[in-house]
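Chemist: Input file: data.tsv. Contents: TSV, C-alpha atoms and all ligand atoms.
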chain	number	residue	atom	x	y	z
I	1	MET	CA	93.94	122.90	105.39
I	2	GLY	CA	96.18	125.85	104.61
I	3	LYS	CA	95.09	128.98	102.77
I	4	LYS	CA	97.59	130.55	100.39
I	5	ILE	CA	98.14	134.26	101.02
I	6	THR	CA	101.10	134.96	98.73
I	7	GLU	CA	103.59	132.80	96.85
I	8	LYS	CA	105.66	132.55	100.01
I	9	VAL	CA	103.11	132.80	102.80
I	10	THR	CA	100.36	130.34	103.74
I	11	TRP	CA	97.82	130.62	106.58
I	12	VAL	CA	97.97	127.41	108.64
I	13	GLY	CA	95.77	128.38	111.58
I	14	LYS	CA	92.48	127.14	112.97
I	15	ILE	CA	89.04	128.73	112.64
I	16	ASP	CA	87.15	128.10	115.87
I	17	TRP	CA	83.47	128.54	115.06
I	18	GLU	CA	82.39	127.14	118.42
I	19	LEU	CA	84.22	129.35	120.91
I	20	ARG	CA	81.83	131.42	123.05
I	21	ARG	CA	84.03	132.20	126.05
I	22	PHE	CA	87.70	133.20	126.12
I	23	HIS	CA	90.12	133.82	129.00
I	24	GLY	CA	88.00	131.51	131.12
I	25	ASP	CA	84.72	133.37	131.40
I	26	GLU	CA	86.22	136.85	131.11
I	27	LEU	CA	85.45	137.51	127.46
I	28	SER	CA	82.47	136.56	125.33
I	29	THR	CA	83.21	135.53	121.75
I	30	ASP	CA	79.78	135.40	120.15
I	31	ARG	CA	81.13	135.04	116.64
I	32	GLY	CA	83.84	132.50	117.48
I	33	THR	CA	87.45	133.27	116.66
I	34	SER	CA	90.44	132.05	114.73
I	35	TYR	CA	93.98	131.30	115.82
I	36	ASN	CA	96.07	132.49	112.91
I	37	ALA	CA	99.41	130.81	112.29
I	38	TYR	CA	101.47	131.33	109.17
I	39	LEU	CA	104.05	129.39	107.22
I	40	ILE	CA	106.70	131.26	105.24
I	41	ARG	CA	108.51	129.28	102.56
I	42	ASP	CA	111.52	131.05	101.13
I	43	GLN	CA	115.05	129.63	101.07
I	44	LYS	CA	114.30	129.08	104.73
I	45	THR	CA	111.01	127.73	106.05
I	46	VAL	CA	109.59	129.49	109.09
I	47	LEU	CA	106.46	128.87	111.12
I	48	LEU	CA	104.85	131.90	112.78
I	49	ASP	CA	102.92	130.91	115.94
I	50	THR	CA	100.66	127.90	116.48
I	51	VAL	CA	97.07	127.39	117.67
I	52	TRP	CA	95.28	126.68	120.97
I	53	GLY	CA	96.03	123.31	122.61
I	54	PRO	CA	92.66	121.56	122.06
I	55	TYR	CA	93.32	121.79	118.32
I	56	GLN	CA	96.99	120.74	118.45
I	57	ARG	CA	96.57	117.41	116.63
I	58	GLU	CA	94.44	118.98	113.92
I	59	PHE	CA	97.01	121.77	113.60
I	60	LEU	CA	99.92	119.37	113.28
I	61	GLU	CA	98.14	117.22	110.70
I	62	GLY	CA	97.29	120.33	108.65
I	63	LEU	CA	100.85	121.58	108.91
I	64	LYS	CA	102.17	118.23	107.68
I	65	GLN	CA	99.94	118.48	104.62
I	66	GLU	CA	101.76	121.71	103.80
I	67	VAL	CA	105.32	120.89	104.75
I	68	ASP	CA	107.63	118.24	106.13
I	69	VAL	CA	107.87	119.63	109.68
I	70	LYS	CA	111.50	118.48	109.86
I	71	SER	CA	112.24	121.04	107.15
I	72	ILE	CA	111.09	123.93	109.35
I	73	ASP	CA	114.20	126.01	110.01
I	74	ALA	CA	112.75	128.27	112.68
I	75	ILE	CA	109.62	129.03	114.68
I	76	VAL	CA	108.64	132.57	115.57
I	77	ILE	CA	106.44	133.06	118.62
I	78	HIS	CA	105.13	136.61	118.73
I	79	HIS	CA	103.40	136.21	122.12
I	80	GLY	CA	103.30	133.37	124.62
I	81	GLU	CA	99.62	133.21	125.51
I	82	SER	CA	98.20	129.71	125.22
I	83	ASP	CA	95.83	130.43	122.33
I	84	HIS	CA	98.90	130.90	120.11
I	85	THR	CA	101.37	128.49	121.70
I	86	GLY	CA	99.23	125.60	122.94
I	87	SER	CA	100.34	123.37	120.08
I	88	LEU	CA	104.06	123.97	120.61
I	89	PRO	CA	104.68	121.01	122.97
I	90	LEU	CA	103.32	118.48	120.48
I	91	LEU	CA	105.15	120.07	117.56
I	92	MET	CA	108.41	120.29	119.50
I	93	GLU	CA	108.28	116.58	120.25
I	94	GLU	CA	108.95	116.10	116.52
I	95	ILE	CA	111.47	118.93	116.04
I	96	PRO	CA	112.98	119.47	119.51
I	97	ASP	CA	116.07	121.39	118.37
I	98	THR	CA	114.35	123.88	116.10
I	99	PRO	CA	115.13	127.45	117.20
I	100	ILE	CA	112.24	129.46	118.63
I	101	TYR	CA	112.58	133.20	118.03
I	102	CYS	CA	110.78	135.33	120.61
I	103	THR	CA	111.44	138.25	122.94
I	104	ALA	CA	113.31	137.77	126.22
I	105	ASN	CA	109.94	138.01	127.98
I	106	GLY	CA	108.63	135.46	125.49
I	107	VAL	CA	111.25	133.02	126.80
I	108	LYS	CA	109.89	133.64	130.30
I	109	SER	CA	106.27	133.08	129.36
I	110	LEU	CA	107.02	129.95	127.31
I	111	LYS	CA	109.20	128.46	130.04
I	112	GLY	CA	106.55	129.36	132.62
I	113	LEU	CA	103.77	127.77	130.63
I	114	TYR	CA	105.46	124.63	129.32
I	115	HIS	CA	108.54	124.07	131.51
I	116	LYS	CA	110.69	123.07	128.54
I	117	ASP	CA	114.21	124.16	127.77
I	118	TRP	CA	113.72	124.59	124.06
I	119	ASN	CA	116.26	126.25	121.77
I	120	PHE	CA	115.17	129.83	122.41
I	121	VAL	CA	116.64	132.71	120.42
I	122	PRO	CA	115.74	136.00	122.16
I	123	VAL	CA	115.25	138.91	119.75
I	124	LYS	CA	114.88	142.68	120.09
I	125	THR	CA	113.49	145.48	117.96
I	126	GLY	CA	115.45	145.73	114.71
I	127	ASP	CA	116.79	142.17	114.75
I	128	VAL	CA	116.37	140.46	111.39
I	129	LEU	CA	115.86	136.84	110.45
I	130	ASP	CA	117.15	136.44	106.89
I	131	LEU	CA	115.06	133.96	104.96
I	132	GLY	CA	117.01	134.29	101.69
I	133	GLY	CA	115.17	136.70	99.42
I	134	SER	CA	112.77	137.94	102.08
I	135	ALA	CA	113.54	138.81	105.69
I	136	LEU	CA	111.60	139.09	108.92
I	137	THR	CA	112.28	142.18	111.03
I	138	PHE	CA	111.18	142.01	114.65
I	139	VAL	CA	109.56	144.89	116.53
I	140	GLU	CA	108.98	144.51	120.26
I	141	ALA	CA	105.46	145.57	121.21
I	142	ARG	CA	105.57	145.39	124.98
I	143	MET	CA	102.15	145.45	126.67
I	144	LEU	CA	100.22	144.99	123.43
I	145	HIS	CA	98.94	143.23	125.30
I	146	TRP	CA	101.53	141.20	127.26
I	147	PRO	CA	105.11	142.17	128.17
I	148	ASP	CA	106.32	139.45	125.80
I	149	THR	CA	104.52	140.66	122.68
I	150	MET	CA	106.28	141.51	119.42
I	151	PHE	CA	105.30	142.20	115.83
I	152	SER	CA	107.26	141.14	112.77
I	153	TYR	CA	107.46	142.59	109.28
I	154	LEU	CA	108.13	140.46	106.21
I	155	SER	CA	109.99	142.43	103.58
I	156	GLY	CA	109.40	141.53	99.96
I	157	GLU	CA	105.84	140.40	100.79
I	158	GLU	CA	105.18	143.64	102.74
I	159	ILE	CA	103.20	141.93	105.50
I	160	LEU	CA	103.00	143.10	109.12
I	161	PHE	CA	102.29	140.21	111.51
I	162	SER	CA	100.66	142.10	114.36
I	163	THR	CA	99.85	139.40	116.93
I	164	ASP	CA	96.72	140.33	118.93
I	165	GLY	CA	96.89	143.92	117.66
I	166	PHE	CA	94.25	144.69	114.99
I	167	GLY	CA	92.65	141.30	115.70
I	168	GLN	CA	89.05	140.35	116.26
I	169	HIS	CA	87.31	137.34	117.74
I	170	TYR	CA	85.49	136.72	114.49
I	171	ALA	CA	85.33	133.31	112.83
I	172	SER	CA	85.16	133.54	109.05
I	173	GLU	CA	86.24	131.31	106.20
I	174	MET	CA	86.71	134.43	104.08
I	175	LEU	CA	90.14	135.40	105.46
I	176	TYR	CA	90.16	139.04	104.24
I	177	ASN	CA	88.48	142.23	105.44
I	178	ASP	CA	86.92	143.10	102.09
I	179	LEU	CA	85.06	139.78	101.97
I	180	VAL	CA	83.12	140.02	105.24
I	181	ASP	CA	80.23	142.05	106.62
I	182	GLN	CA	81.76	145.41	107.58
I	183	GLY	CA	79.35	146.00	110.45
I	184	GLU	CA	80.18	142.64	112.04
I	185	LEU	CA	83.89	143.12	111.45
I	186	TYR	CA	84.11	146.56	113.03
I	187	ARG	CA	81.89	145.63	115.96
I	188	GLU	CA	84.18	142.69	116.76
I	189	ALA	CA	87.35	144.75	116.20
I	190	MET	CA	86.03	147.44	118.55
I	191	LYS	CA	84.82	144.92	121.14
I	192	TYR	CA	88.28	143.36	121.08
I	193	TYR	CA	89.95	146.74	121.55
I	194	ALA	CA	87.55	147.88	124.28
I	195	ASN	CA	87.83	144.68	126.32
I	196	ILE	CA	91.52	143.87	125.87
I	197	LEU	CA	93.59	146.82	124.70
I	198	THR	CA	92.02	149.83	126.43
I	199	PRO	CA	94.44	149.76	129.41
I	200	PHE	CA	97.34	150.06	126.97
I	201	ASN	CA	96.13	153.10	124.99
I	202	LYS	CA	99.40	155.01	125.39
I	203	MET	CA	101.45	152.05	124.21
I	204	VAL	CA	99.12	151.59	121.23
I	205	VAL	CA	99.67	155.16	120.08
I	206	GLY	CA	103.43	154.97	120.68
I	207	LYS	CA	103.85	151.68	118.84
I	208	ILE	CA	101.75	152.76	115.87
I	209	LYS	CA	103.78	155.97	115.54
I	210	GLU	CA	107.01	153.97	115.80
I	211	VAL	CA	105.93	151.56	113.06
I	212	LEU	CA	104.58	154.34	110.83
I	213	GLY	CA	107.92	156.14	111.33
I	214	MET	CA	109.69	153.20	109.73
I	215	ASN	CA	107.92	154.05	106.43
I	216	LEU	CA	107.48	150.41	105.57
I	217	PRO	CA	105.43	149.59	102.48
I	218	LEU	CA	102.40	147.64	103.65
I	219	LYS	CA	100.18	145.34	101.63
I	220	LEU	CA	98.69	143.33	104.45
I	221	ILE	CA	98.22	143.37	108.23
I	222	ALA	CA	97.99	139.80	109.49
I	223	PRO	CA	96.83	139.57	113.12
I	224	SER	CA	96.64	136.42	115.21
I	225	HIS	CA	92.83	136.46	115.44
I	226	GLY	CA	90.13	137.02	112.86
I	227	ILE	CA	90.40	138.35	109.35
I	228	LEU	CA	93.45	139.89	107.66
I	229	TRP	CA	93.42	143.52	106.56
I	230	ARG	CA	94.33	143.61	102.85
I	231	ASP	CA	91.89	146.25	101.56
I	232	ASN	CA	93.36	149.56	102.71
I	233	PRO	CA	95.10	148.14	105.78
I	234	ALA	CA	95.68	151.70	107.00
I	235	GLN	CA	91.97	151.89	107.87
I	236	ILE	CA	92.33	149.77	111.00
I	237	VAL	CA	95.49	151.64	112.01
I	238	GLU	CA	93.57	154.92	111.78
I	239	ARG	CA	90.71	153.48	113.83
I	240	TYR	CA	93.16	152.28	116.49
I	241	LEU	CA	94.64	155.76	116.74
I	242	GLU	CA	91.12	157.11	117.25
I	243	TRP	CA	90.17	154.44	119.81
I	244	ALA	CA	93.42	154.85	121.74
I	245	GLN	CA	92.82	158.53	122.46
I	246	ASP	CA	90.19	158.41	125.23
I	247	TYR	CA	87.49	157.44	122.77
I	248	GLY	CA	83.88	158.36	123.39
I	249	GLU	CA	80.89	159.01	121.16
I	250	ASN	CA	77.95	161.29	121.88
I	251	GLN	CA	76.38	158.55	123.96
I	252	ILE	CA	75.34	158.01	127.56
I	253	ALA	CA	74.95	154.43	128.80
I	254	ILE	CA	72.74	153.73	131.80
I	255	LEU	CA	73.71	150.46	133.47
I	256	TYR	CA	71.55	149.10	136.24
I	257	ASP	CA	70.49	146.05	138.14
I	258	THR	CA	67.13	145.72	139.81
I	259	MET	CA	65.43	143.37	142.29
I	260	TRP	CA	61.83	144.64	142.46
I	261	GLU	CA	61.87	147.15	139.58
I	262	GLY	CA	62.59	150.26	141.65
I	263	THR	CA	66.09	150.82	140.27
I	264	ARG	CA	64.82	150.08	136.77
I	265	GLN	CA	62.14	152.74	137.15
I	266	LEU	CA	64.75	155.18	138.39
I	267	ALA	CA	67.02	154.33	135.43
I	268	GLU	CA	64.20	155.03	133.00
I	269	SER	CA	63.39	158.35	134.70
I	270	ILE	CA	67.04	159.33	134.42
I	271	ALA	CA	66.99	158.42	130.71
I	272	ARG	CA	63.98	160.71	130.19
I	273	GLY	CA	65.82	163.51	131.97
I	274	VAL	CA	68.94	163.06	129.82
I	275	GLN	CA	66.89	163.10	126.64
I	276	SER	CA	64.83	166.11	127.61
I	277	GLN	CA	68.03	168.05	128.31
I	278	ASP	CA	69.90	166.87	125.19
I	279	PRO	CA	67.77	165.31	122.44
I	280	GLU	CA	70.91	164.71	120.33
I	281	VAL	CA	72.69	162.37	122.73
I	282	THR	CA	72.19	158.63	122.25
I	283	VAL	CA	70.88	157.04	125.44
I	284	LYS	CA	71.10	153.29	126.00
I	285	LEU	CA	69.92	151.27	128.98
I	286	TYR	CA	71.30	147.86	129.99
I	287	ASN	CA	70.15	145.55	132.75
I	288	LEU	CA	73.48	144.20	134.00
I	289	SER	CA	72.01	140.85	135.03
I	290	LYS	CA	70.54	140.27	131.59
I	291	THR	CA	73.24	141.65	129.28
I	292	ASP	CA	76.57	140.16	128.30
I	293	LYS	CA	79.23	141.94	130.36
I	294	ASN	CA	81.62	142.43	127.45
I	295	ASP	CA	78.87	143.91	125.29
I	296	VAL	CA	78.20	146.31	128.17
I	297	LEU	CA	81.90	147.20	128.32
I	298	LEU	CA	81.87	147.87	124.59
I	299	GLU	CA	79.06	150.38	125.22
I	300	VAL	CA	81.01	151.90	128.12
I	301	PHE	CA	83.95	152.32	125.71
I	302	ARG	CA	81.69	154.04	123.19
I	303	SER	CA	80.07	156.38	125.75
I	304	LYS	CA	81.15	159.77	126.98
I	305	GLY	CA	78.99	159.27	130.07
I	306	ILE	CA	78.07	156.24	132.18
I	307	LEU	CA	75.44	156.05	134.89
I	308	VAL	CA	75.42	153.00	137.13
I	309	GLY	CA	72.63	151.94	139.46
I	310	SER	CA	71.92	149.09	141.83
I	311	PRO	CA	69.52	148.34	144.62
I	312	THR	CA	71.10	148.24	148.04
I	313	VAL	CA	71.43	144.63	149.13
I	314	ASN	CA	73.10	143.49	152.36
I	315	ARG	CA	74.51	147.02	152.68
I	316	GLY	CA	76.21	146.60	149.33
I	317	ILE	CA	75.32	146.29	145.66
I	318	THR	CA	74.33	143.36	143.45
I	319	HIS	CA	77.01	141.01	142.16
I	320	ALA	CA	76.35	142.00	138.53
I	321	THR	CA	76.91	145.67	139.39
I	322	ALA	CA	80.03	144.92	141.43
I	323	GLY	CA	81.39	142.78	138.59
I	324	ILE	CA	81.04	145.44	135.93
I	325	LEU	CA	82.57	148.09	138.21
I	326	GLU	CA	85.55	145.80	138.81
I	327	MET	CA	86.03	145.33	135.08
I	328	MET	CA	85.61	149.05	134.38
I	329	GLU	CA	88.33	149.85	136.91
I	330	GLY	CA	90.66	147.25	135.40
I	331	LEU	CA	90.21	148.61	131.90
I	332	SER	CA	91.16	152.15	133.02
I	333	PHE	CA	88.78	154.08	130.80
I	334	LYS	CA	89.84	157.71	130.57
I	335	GLY	CA	88.03	160.96	129.85
I	336	LYS	CA	84.56	159.78	130.86
I	337	LYS	CA	81.98	161.24	133.21
I	338	ALA	CA	79.90	159.02	135.43
I	339	GLY	CA	77.24	159.00	138.09
I	340	ALA	CA	75.43	156.65	140.47
I	341	PHE	CA	71.86	155.93	141.44
I	342	SER	CA	69.97	153.46	143.59
I	343	SER	CA	66.61	152.52	144.92
I	344	TYR	CA	66.61	151.02	148.38
I	345	GLY	CA	64.29	149.80	151.09
I	346	TRP	CA	66.24	150.11	154.31
I	347	SER	CA	69.84	151.18	154.75
I	348	GLY	CA	70.58	152.64	151.28
I	349	GLU	CA	74.37	152.43	150.92
I	350	GLY	CA	74.29	151.32	147.26
I	351	ALA	CA	74.50	154.67	145.43
I	352	GLY	CA	77.36	155.95	147.57
I	353	LEU	CA	79.31	152.73	147.11
I	354	ILE	CA	78.89	152.87	143.35
I	355	GLN	CA	79.97	156.49	143.24
I	356	GLU	CA	83.15	155.65	145.14
I	357	ARG	CA	83.92	152.78	142.78
I	358	LEU	CA	83.38	155.01	139.76
I	359	LYS	CA	85.80	157.58	141.19
I	360	LYS	CA	88.31	154.80	141.85
I	361	ALA	CA	87.91	153.74	138.22
I	362	GLY	CA	89.11	157.22	137.20
I	363	MET	CA	85.76	158.69	136.17
I	364	ASP	CA	84.73	162.29	136.82
I	365	ILE	CA	81.55	162.65	138.89
I	366	PRO	CA	79.85	165.91	137.86
I	367	VAL	CA	76.60	165.29	139.80
I	368	GLU	CA	76.20	163.77	143.26
I	369	PHE	CA	74.36	160.42	143.26
I	370	VAL	CA	70.59	160.16	143.40
I	371	ARG	CA	68.69	157.55	145.37
I	372	SER	CA	65.08	156.79	146.02
I	373	SER	CA	63.61	154.85	148.93
I	374	TRP	CA	61.22	152.05	147.99
I	375	ASN	CA	59.67	152.48	144.58
I	376	PRO	CA	60.47	155.89	143.12
I	377	GLY	CA	56.85	156.98	142.59
I	378	GLU	CA	56.20	160.44	141.23
I	379	GLU	CA	58.64	162.17	143.53
I	380	GLY	CA	61.42	159.71	142.75
I	381	ALA	CA	60.72	160.00	139.03
I	382	VAL	CA	61.16	163.76	139.22
I	383	GLN	CA	64.41	163.32	141.18
I	384	GLY	CA	65.63	160.86	138.56
I	385	GLN	CA	64.78	163.21	135.71
I	386	GLU	CA	66.48	166.14	137.41
I	387	PHE	CA	69.58	163.99	137.95
I	388	GLY	CA	69.55	162.96	134.28
I	389	LYS	CA	69.16	166.57	133.16
I	390	ALA	CA	72.01	167.77	135.36
I	391	PHE	CA	74.27	164.98	134.13
I	392	ALA	CA	73.51	165.74	130.46
I	393	GLN	CA	74.02	169.45	131.09
I	394	SER	CA	77.45	168.82	132.62
I	395	PHE	CA	78.83	168.04	129.15
I	396	HIS	CA	77.93	171.56	128.03
I	397	GLU	CA	79.48	173.52	130.89
U	401	LIG	FE1	95.42	135.97	121.42
U	401	LIG	FE2	96.93	137.42	123.94
U	401	LIG	O1	96.46	135.99	122.93
Could you write out this structure as structure tokens?
Ligand code: FEO

Modeler:
Amino acid sequence: MGKKITEKVTWVGKIDWELRRFHGDELSTDRGTSYNAYLIRDQKTVLLDTVWGPYQREFLEGLKQEVDVKSIDAIVIHHGESDHTGSLPLLMEEIPDTPIYCTANGVKSLKGLYHKDWNFVPVKTGDVLDLGGSALTFVEARMLHWPDTMFSYLSGEEILFSTDGFGQHYASEMLYNDLVDQGELYREAMKYYANILTPFNKMVVGKIKEVLGMNLPLKLIAPSHGILWRDNPAQIVERYLEWAQDYGENQIAILYDTMWEGTRQLAESIARGVQSQDPEVTVKLYNLSKTDKNDVLLEVFRSKGILVGSPTVNRGITHATAGILEMMEGLSFKGKKAGAFSSYGWSGEGAGLIQERLKKAGMDIPVEFVRSSWNPGEEGAVQGQEFGKAFAQSFHE
């Protein structure tokens, strides 16, 4: 069922309360998500995006309750990814000649995904679709977060349709930001940014400045996931500008895996050392085998310093440690300091391997790794504390 936003605009998306994994298993979505699609009814009728394929029949039935689909004059696809376009094939069976407005890269992604030669109309920044009364202006938003992405701005209604930008994987029936728990909302918005948009920080800043430079009046930001920003929509823009500039709070995250508790004991010694050196800094410890990887990455995003430890196993590190290091490298965090630690029984390569991976991920290493053979014991605990102290001190030099 649709939800009326303004006289001309209706939300026709799908709230997915069940979703717990997204992008295969790459992203946890503990609070579900929504796939936001919108219907604009002016002199012309335009559909903005669709919903993920498993909900295509439900989507089409809901759309038909709102409008005779044969009266849809145009479809706008802001971004080709399947969560927003999965219902297109079924819809296009009924209206095969309807023009689809998207970027040139959008044509590529849609053709690549669906292998259909639909009536594509490639658009660029500044192109306008006149709806009679209102008009949609397109703004390419390359790499936010795909090369095909664009935003659109609806004049008259003063709505920015921002695709994945400003979105959250956050299922809610409440639709608007002022109607939901602010702690939940911002945690999901930040988790979304940290896990998806971090590699594109420079583009985020550039695009926001470009859009702000247009001096467009703005009543609403309508992303493709989660709630819509109607109460002071500038608040999420300001937060994005903050997050996009090598964000880090006064926090050090200690990430470790452990087989027989030695690396855990070392991690806890390091935490004591950090705290004794700097009682103001927030210290958090996460066992990588027992903590959701995307929640860990959110904490990496929030931290100015990250310490990573693993036992040495088969001359390497544990799979949970290797996995998080791979994801950290892919997300290209900037402006963070890091360090490595390990407890080991025999060959002891773990700490050195982690340190190399952290360097490769672009992190500064102010203190050489620490490692302890067998269980740390008193001597290892002192080494861990000294390492923690030196790492905390490095932020004040
Ligand atoms: Fe929500 Fe990039 O798709």

Chemist: Near range 330-346 of chain I, within 7 Å and counting all atoms listed in the file, which residues show up once chain neighbours fewer than 4 positions away are dropped, as a PyMOL selection string?

Modeler: chain I and resi 198-199+246+262-263+304-312+326+350-351+354-355+358+361-367+369-375

Chemist: Tell me which protein, DNA and RNA residues are within 9 Å of Thr10 in chain I, counting all atoms listed in the file, leaving out same-chain ones fewer than 6 positions away, and put them as a ChimeraX atom specification.

Modeler: /I:2-4,37-41,66

Chemist: Box for range 192-208 of chain I - axis-aligned, 4 Å on each of the six sides, all listed atoms - centre and size in Å to one decimal, as lines of an AutoDock Vina configuration file.

Modeler:
center_x = 95.7
center_y = 149.3
center_z = 122.6
size_x = 24.3
size_y = 19.8
size_z = 21.5

Chemist: I'd like the neighbourhood of Asp83 in chain I as an MDAnalysis selection string, where a residue qualifies if any of its atoms comes within 7 Å (using all atoms listed in the file), though same-chain residues fewer than 5 positions away should be ignored.

Modeler: chainID I and resid 35 51:52

Chemist: Using only C-alpha atoms, which of I:Ser34, I:Arg239, I:Lys202, I:Val46 sits nearest Leu154 in chain I?

Modeler: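 Of all the options, I:Val46 lies closest to Leu154 in chain I.
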
Chemist: Give me, as a list in words, the set of residues whose atoms come within 7 Å of any atom of ligand LIG 401 (chain U), counting all atoms listed in the file.

Modeler: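 After applying the 7 Å limit, what remains is His79, Glu81, Ser82, Asp83, His84, His145, Trp146, Asp164, Ser224 and His225 of chain I.
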
Chemist: Considering all atoms listed in the file, state which residue in the set I:Glu329, I:Asp127, I:Asp231, I:Asp257 is at the smallest distance from Phe151 in chain I.

Modeler: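 Between I:Glu329, I:Asp127, I:Asp231, I:Asp257, the residue approaching Phe151 in chain I most closely is I:Asp127.
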
Chemist: Using only C-alpha atoms, find each residue in range 176-262 of chain I having at least one atom no more than 12 Å away from range 286-289 of chain I; report its shortest atom-to-atom pair and that distance in Å (one decimal), rows by chain then rising number, as a Markdown table.

Modeler:
| residue | atom | partner | partner_atom | distance |
| --- | --- | --- | --- | --- |
| I:Ile252 | CA | I:Tyr286 | CA | 11.2 |
| I:Ala253 | CA | I:Tyr286 | CA | 7.6 |
| I:Ile254 | CA | I:Tyr286 | CA | 6.3 |
| I:Leu255 | CA | I:Tyr286 | CA | 5.0 |
| I:Tyr256 | CA | I:Asn287 | CA | 5.2 |
| I:Asp257 | CA | I:Asn287 | CA | 5.4 |
| I:Thr258 | CA | I:Asn287 | CA | 7.7 |
| I:Met259 | CA | I:Ser289 | CA | 10.1 |
| I:Glu261 | CA | I:Asn287 | CA | 10.9 |
